[in-house]
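Undergrad: Handing you a structure now.
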Amino acid sequence: MSKRKHCDDEMDDKREHKNQFPDYGAGPDIINSDGQLCGELATKIQAFVPAMLVRMEEGLKYNSDERDYSIYTGTTGIALLYLHLYKIFDSSEYLKRAKSYVKLGLRQMRGRRQTFLCGDAGPLAVGAVVYNILGNESYSQELLSKLKDMHVEVLSPEFGLPDEILYGKAGYLYSLLFVQKRLGKAIITDELVQKVCNTIFASGKSLAREEKSKSPLMYMWHEKHYIGAAHGISGILYLLMQVDLAGVKSYYDSLIKPSVDFIDDLKFPSGNYPSSLSNKSDRLVQWCHGAPGVIYMLLQAYKIFGEQKYLDHAKACGDVIWERGLLKKGYGICHGTAGNGYGFLALYQVTKDPKDLYRASKFAEWCTAYGKHECRTPDRPYSLFEGMAGAVYFLADILTPGAAKFPAFEL
């Protein structure tokens with residue numbers, strides 16, 4: 001599969017289904033005092049998730065490639081799903097399944113990429129966490145050593161690693177933060193995290209100077225200045241803003257905020273954002289390109305800088321997602337309805353507005369009718385970022401909406 005295949009934009013002009021759900025109106029609460037989704041939808045999801053897992057497992061027997069060990073479309077993505085379900089439902093069976101799938105991924109690693117979603121860092125990070133939970137600390141440490149050793153190539157200018165999430169330095173940074181959050185700073189030190197952040201800053205400053213950009217940080221992937229979460233500057237900035245280190249915070253005013261403002265100024269009248277600096281078409285509304293990915297940058301900027309415009313523009317993203325986010329591409333996370341639904345959950349966690357939770361619930365309701373909307377079948381129909389596993393991840397997450405996190409992106 002080529003790199004461009006992951007977030008391919010080529011489809012017909014009618015990219016979304018018409019949203020025929022009524023928008024929010026005051027009604028019965030859909031969340032209880034413990035912060036859990038309640039009511040008919042919660043009951044439906046609790047029954048739907050295990051049934052979908054059976055379908056997913058059956059499908060994987062006939063439509064999967066064990067050589068694909070990525071989190072994006074491969075076996076480690078299924079492992080991450082089961083690790084997530086173990087956290088939510090506290091079932092040892094899910095942890096066993098996570099182990100079985102991460103073992104497949106670890107066997108297939110090729111030493112070619114250093115990122116969480118599409119490289120060896122993903123299986124190493126997920127494997128380290130799974131084996132630590134299982135009590136096999138020696139093997140967990142072995143995996144962690146390999147993960148940390150990757151920093152030499154990541155930090156080396158000669159290696160030529162890009163900066164974005166899927167294939168670049170930001171993807172390696174997420175791997176470190178994923179492990180650090182779960183296993184502690186004694187395992188992944190702040191010093192290592194800061195070094196990776198520094199090289200991302202240095203790269204962004206260098207390109208901005210070279211191009212005389214109005215943004216103090218600028219990034220490219222495949223010779224395009226992408227904006228969105230997967231390959232672009234908004235995803236890189238969002239990840240940097242999640243790092244709670246003084247060495248990153250020192251760049252808030254000089255580098256991060258003006259770069260955020262540069263991206264924010266690209267907003268279309270609709271509230272959506274372009275896929276790249278060279279693309280003036282208001283077409284894409286999916287996590288990898290457009291409002292469903294940029295919304296995270298805006299919300300994080302609001303948390304850090306406290307300026308109302310960021311929250312207002314994030315809410316405008318929510319309106320775009322509500323209107324145009326039931327995608328014909330499918331139900332997945334990268335470019336599907338489940339991934340778009342996460343945008344409402346991110347909004348809800350900041351606004352506490354029941355409208356945002358209601359909208360997320362309607363996208364979840366859409367996903368419970370999986371396969372009934374005449375959507376395109378993805379190349380990897382059972383995978384985490386393109387297919388069924390991602391929809392299951394989202395549906396399980398919305399049961400506790402205040403704690404939901406977009407996988408491989410939010411911490």
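Every chain in the structure tokens takes a letter, A first, then B, and so on in the order presented; its residues are numbered from 1, and the ligands are numbered from 1 following the presented order.
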Among segment 72-301 of chain A, which residues does DSSP mark as helix (DSSP H, G or I) when it is run on the backbone? Keep the chain and numbering as in the structure and answer as a ChimeraX atom specification.

TA: /A:75-89,92-108,121-133,137-149,151-155,157-159,169-183,190-211,233-241,246-249,252-264,291-301

Undergrad: Might you pull out every residue within 8 Å of segment 45-54 of chain A, with only C-alpha atoms counted and same-chain residues fewer than 5 positions away left off, and present them as a short mmCIF file (atom, residue, chain, number, x, y, z; two decimals) with N, CA, C and O atoms, in the first residue's frame?

TA:
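Output file part_6.cif follows:
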```
data_model
loop_
_atom_site.label_atom_id
_atom_site.label_comp_id
_atom_site.auth_asym_id
_atom_site.auth_seq_id
_atom_site.Cartn_x
_atom_site.Cartn_y
_atom_site.Cartn_z
N THR A 368 -23.92 2.20 14.83
CA THR A 368 -24.54 0.93 15.24
C THR A 368 -25.36 0.31 14.13
O THR A 368 -25.76 -0.85 14.24
N MET A 388 -13.86 -1.54 10.71
CA MET A 388 -14.77 -1.91 11.78
C MET A 388 -14.16 -1.74 13.17
O MET A 388 -14.84 -1.32 14.11
N ALA A 389 -12.89 -2.07 13.33
CA ALA A 389 -12.26 -1.96 14.65
C ALA A 389 -12.32 -0.52 15.17
O ALA A 389 -12.52 -0.29 16.36
N VAL A 392 -15.81 0.22 16.52
CA VAL A 392 -15.97 -0.41 17.83
C VAL A 392 -15.25 0.41 18.90
O VAL A 392 -15.77 0.62 20.01
N LEU A 395 -17.37 3.45 19.68
CA LEU A 395 -18.60 3.11 20.40
C LEU A 395 -18.31 2.74 21.85
O LEU A 395 -19.05 3.14 22.76
N ALA A 396 -17.22 2.02 22.08
CA ALA A 396 -16.86 1.71 23.47
C ALA A 396 -16.48 2.98 24.23
O ALA A 396 -16.82 3.15 25.40
N LEU A 399 -19.26 5.35 25.76
CA LEU A 399 -19.94 4.91 26.98
C LEU A 399 -19.48 5.73 28.18
O LEU A 399 -20.20 5.89 29.17
#
```

Undergrad: From a DSSP pass on the backbone, collect the residues of segment 217-284 of chain A flagged as strand (DSSP E or B) and hand them back as number ranges by chain.

TA: A: 221, 224, 226, 276

Undergrad: Using N, CA and C atoms, can you export the residues from the last selection as a PDB file, in the first residue's frame?

TA:
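What ended up in out_34.pdb:
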```pdb
ATOM      1  N   TRP A 221       5.041  17.456   3.828  1.00  0.00           N
ATOM      2  CA  TRP A 221       5.083  16.007   3.633  1.00  0.00           C
ATOM      3  C   TRP A 221       4.791  15.755   2.171  1.00  0.00           C
ATOM      4  N   LYS A 224       4.130  18.855  -0.020  1.00  0.00           N
ATOM      5  CA  LYS A 224       2.931  19.664   0.166  1.00  0.00           C
ATOM      6  C   LYS A 224       2.862  20.136   1.616  1.00  0.00           C
ATOM      7  N   TYR A 226       0.709  20.328   4.203  1.00  0.00           N
ATOM      8  CA  TYR A 226      -0.585  19.839   4.677  1.00  0.00           C
ATOM      9  C   TYR A 226      -1.002  20.561   5.959  1.00  0.00           C
ATOM     10  N   SER A 276      -4.506  21.534   2.472  1.00  0.00           N
ATOM     11  CA  SER A 276      -3.126  21.995   2.336  1.00  0.00           C
ATOM     12  C   SER A 276      -3.137  23.463   1.952  1.00  0.00           C
TER      13      SER A 276
END
```

Undergrad: Within 7 Å of segment 158-182 of chain A, which residues of segment 228-342 of chain A show up? Give each one with its shortest atom-to-atom distance in Å (one decimal) and the two atoms involved, counting only C-alpha atoms, rows by chain then rising residue number, as CSV.

TA:
```
residue,atom,partner,partner_atom,distance
A:Ala230,CA,A:Ile165,CA,5.5
A:His231,CA,A:Glu164,CA,4.9
A:Gly232,CA,A:Glu164,CA,6.0
A:Gly235,CA,A:Ile165,CA,6.8
A:Ile236,CA,A:Glu164,CA,6.1
```

Undergrad: Output N, CA, C and O atoms for every residue in the selection just made, as a PDB file, in the first residue's frame.

TA:
```
ATOM      1  N   ALA A 230      -3.384  14.248  10.201  1.00  0.00           N
ATOM      2  CA  ALA A 230      -2.561  13.076   9.896  1.00  0.00           C
ATOM      3  C   ALA A 230      -1.185  13.451   9.348  1.00  0.00           C
ATOM      4  O   ALA A 230      -0.170  12.896   9.765  1.00  0.00           O
ATOM      5  N   HIS A 231      -1.149  14.355   8.400  1.00  0.00           N
ATOM      6  CA  HIS A 231       0.102  14.699   7.718  1.00  0.00           C
ATOM      7  C   HIS A 231       0.524  16.146   7.924  1.00  0.00           C
ATOM      8  O   HIS A 231       1.575  16.546   7.429  1.00  0.00           O
ATOM      9  N   GLY A 232      -0.280  16.940   8.621  1.00  0.00           N
ATOM     10  CA  GLY A 232      -0.074  18.362   8.570  1.00  0.00           C
ATOM     11  C   GLY A 232       0.299  19.050   9.860  1.00  0.00           C
ATOM     12  O   GLY A 232       0.446  18.448  10.929  1.00  0.00           O
ATOM     13  N   GLY A 235      -1.840  18.813  13.254  1.00  0.00           N
ATOM     14  CA  GLY A 235      -1.594  17.615  14.050  1.00  0.00           C
ATOM     15  C   GLY A 235      -0.294  17.706  14.826  1.00  0.00           C
ATOM     16  O   GLY A 235      -0.219  17.298  15.995  1.00  0.00           O
ATOM     17  N   ILE A 236       0.741  18.255  14.191  1.00  0.00           N
ATOM     18  CA  ILE A 236       2.033  18.417  14.861  1.00  0.00           C
ATOM     19  C   ILE A 236       1.911  19.399  16.020  1.00  0.00           C
ATOM     20  O   ILE A 236       2.384  19.136  17.134  1.00  0.00           O
TER      21      ILE A 236
END
```

Undergrad: Counting only C-alpha atoms, figure out which residue out of A:Pro157, A:Pro354, A:Gly330, A:Gly247 gets nearest to Asp23 of chain A.

TA: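 Of A:Pro157, A:Pro354, A:Gly330, A:Gly247, the one nearest Asp23 of chain A is A:Pro354, counting only C-alpha atoms.
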
Undergrad: For Leu357 of chain A, which residue among A:Gly336, A:Gly74, A:Pro378, A:Pro401 is the nearest when counting only C-alpha atoms?

TA: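 Of A:Gly336, A:Gly74, A:Pro378, A:Pro401, the one nearest Leu357 of chain A is A:Pro401, counting only C-alpha atoms.
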
Undergrad: Residues near Glu16 of chain A, anyone? I mean within 6 Å using only C-alpha atoms, not counting same-chain ones fewer than 6 positions away, as a list in words.

TA: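 So the residues in contact are Arg324, Leu326, Leu327 and Lys328 of chain A.
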
Undergrad: Could you check the closest approach to Leu41 of chain A for each of A:Ile187, A:Asp29, A:Lys280, A:Val260 and tell me which residue wins, using only C-alpha atoms?

TA: A:Asp29

Undergrad: Extract, using only C-alpha atoms, all DNA, RNA and protein residues at most 12 Å from Tyr86 of chain A, discarding same-chain residues fewer than 4 positions from it, and format them as a PyMOL selection string.

TA: chain A and resi 79-82+90-99+130+133+393+396-397

Undergrad: Just want the 8 Å neighbourhood of Arg110 of chain A, counted on only C-alpha atoms, with same-chain residues fewer than 2 positions away dropped. Output as number ranges by chain.

TA: A: 108, 112, 120
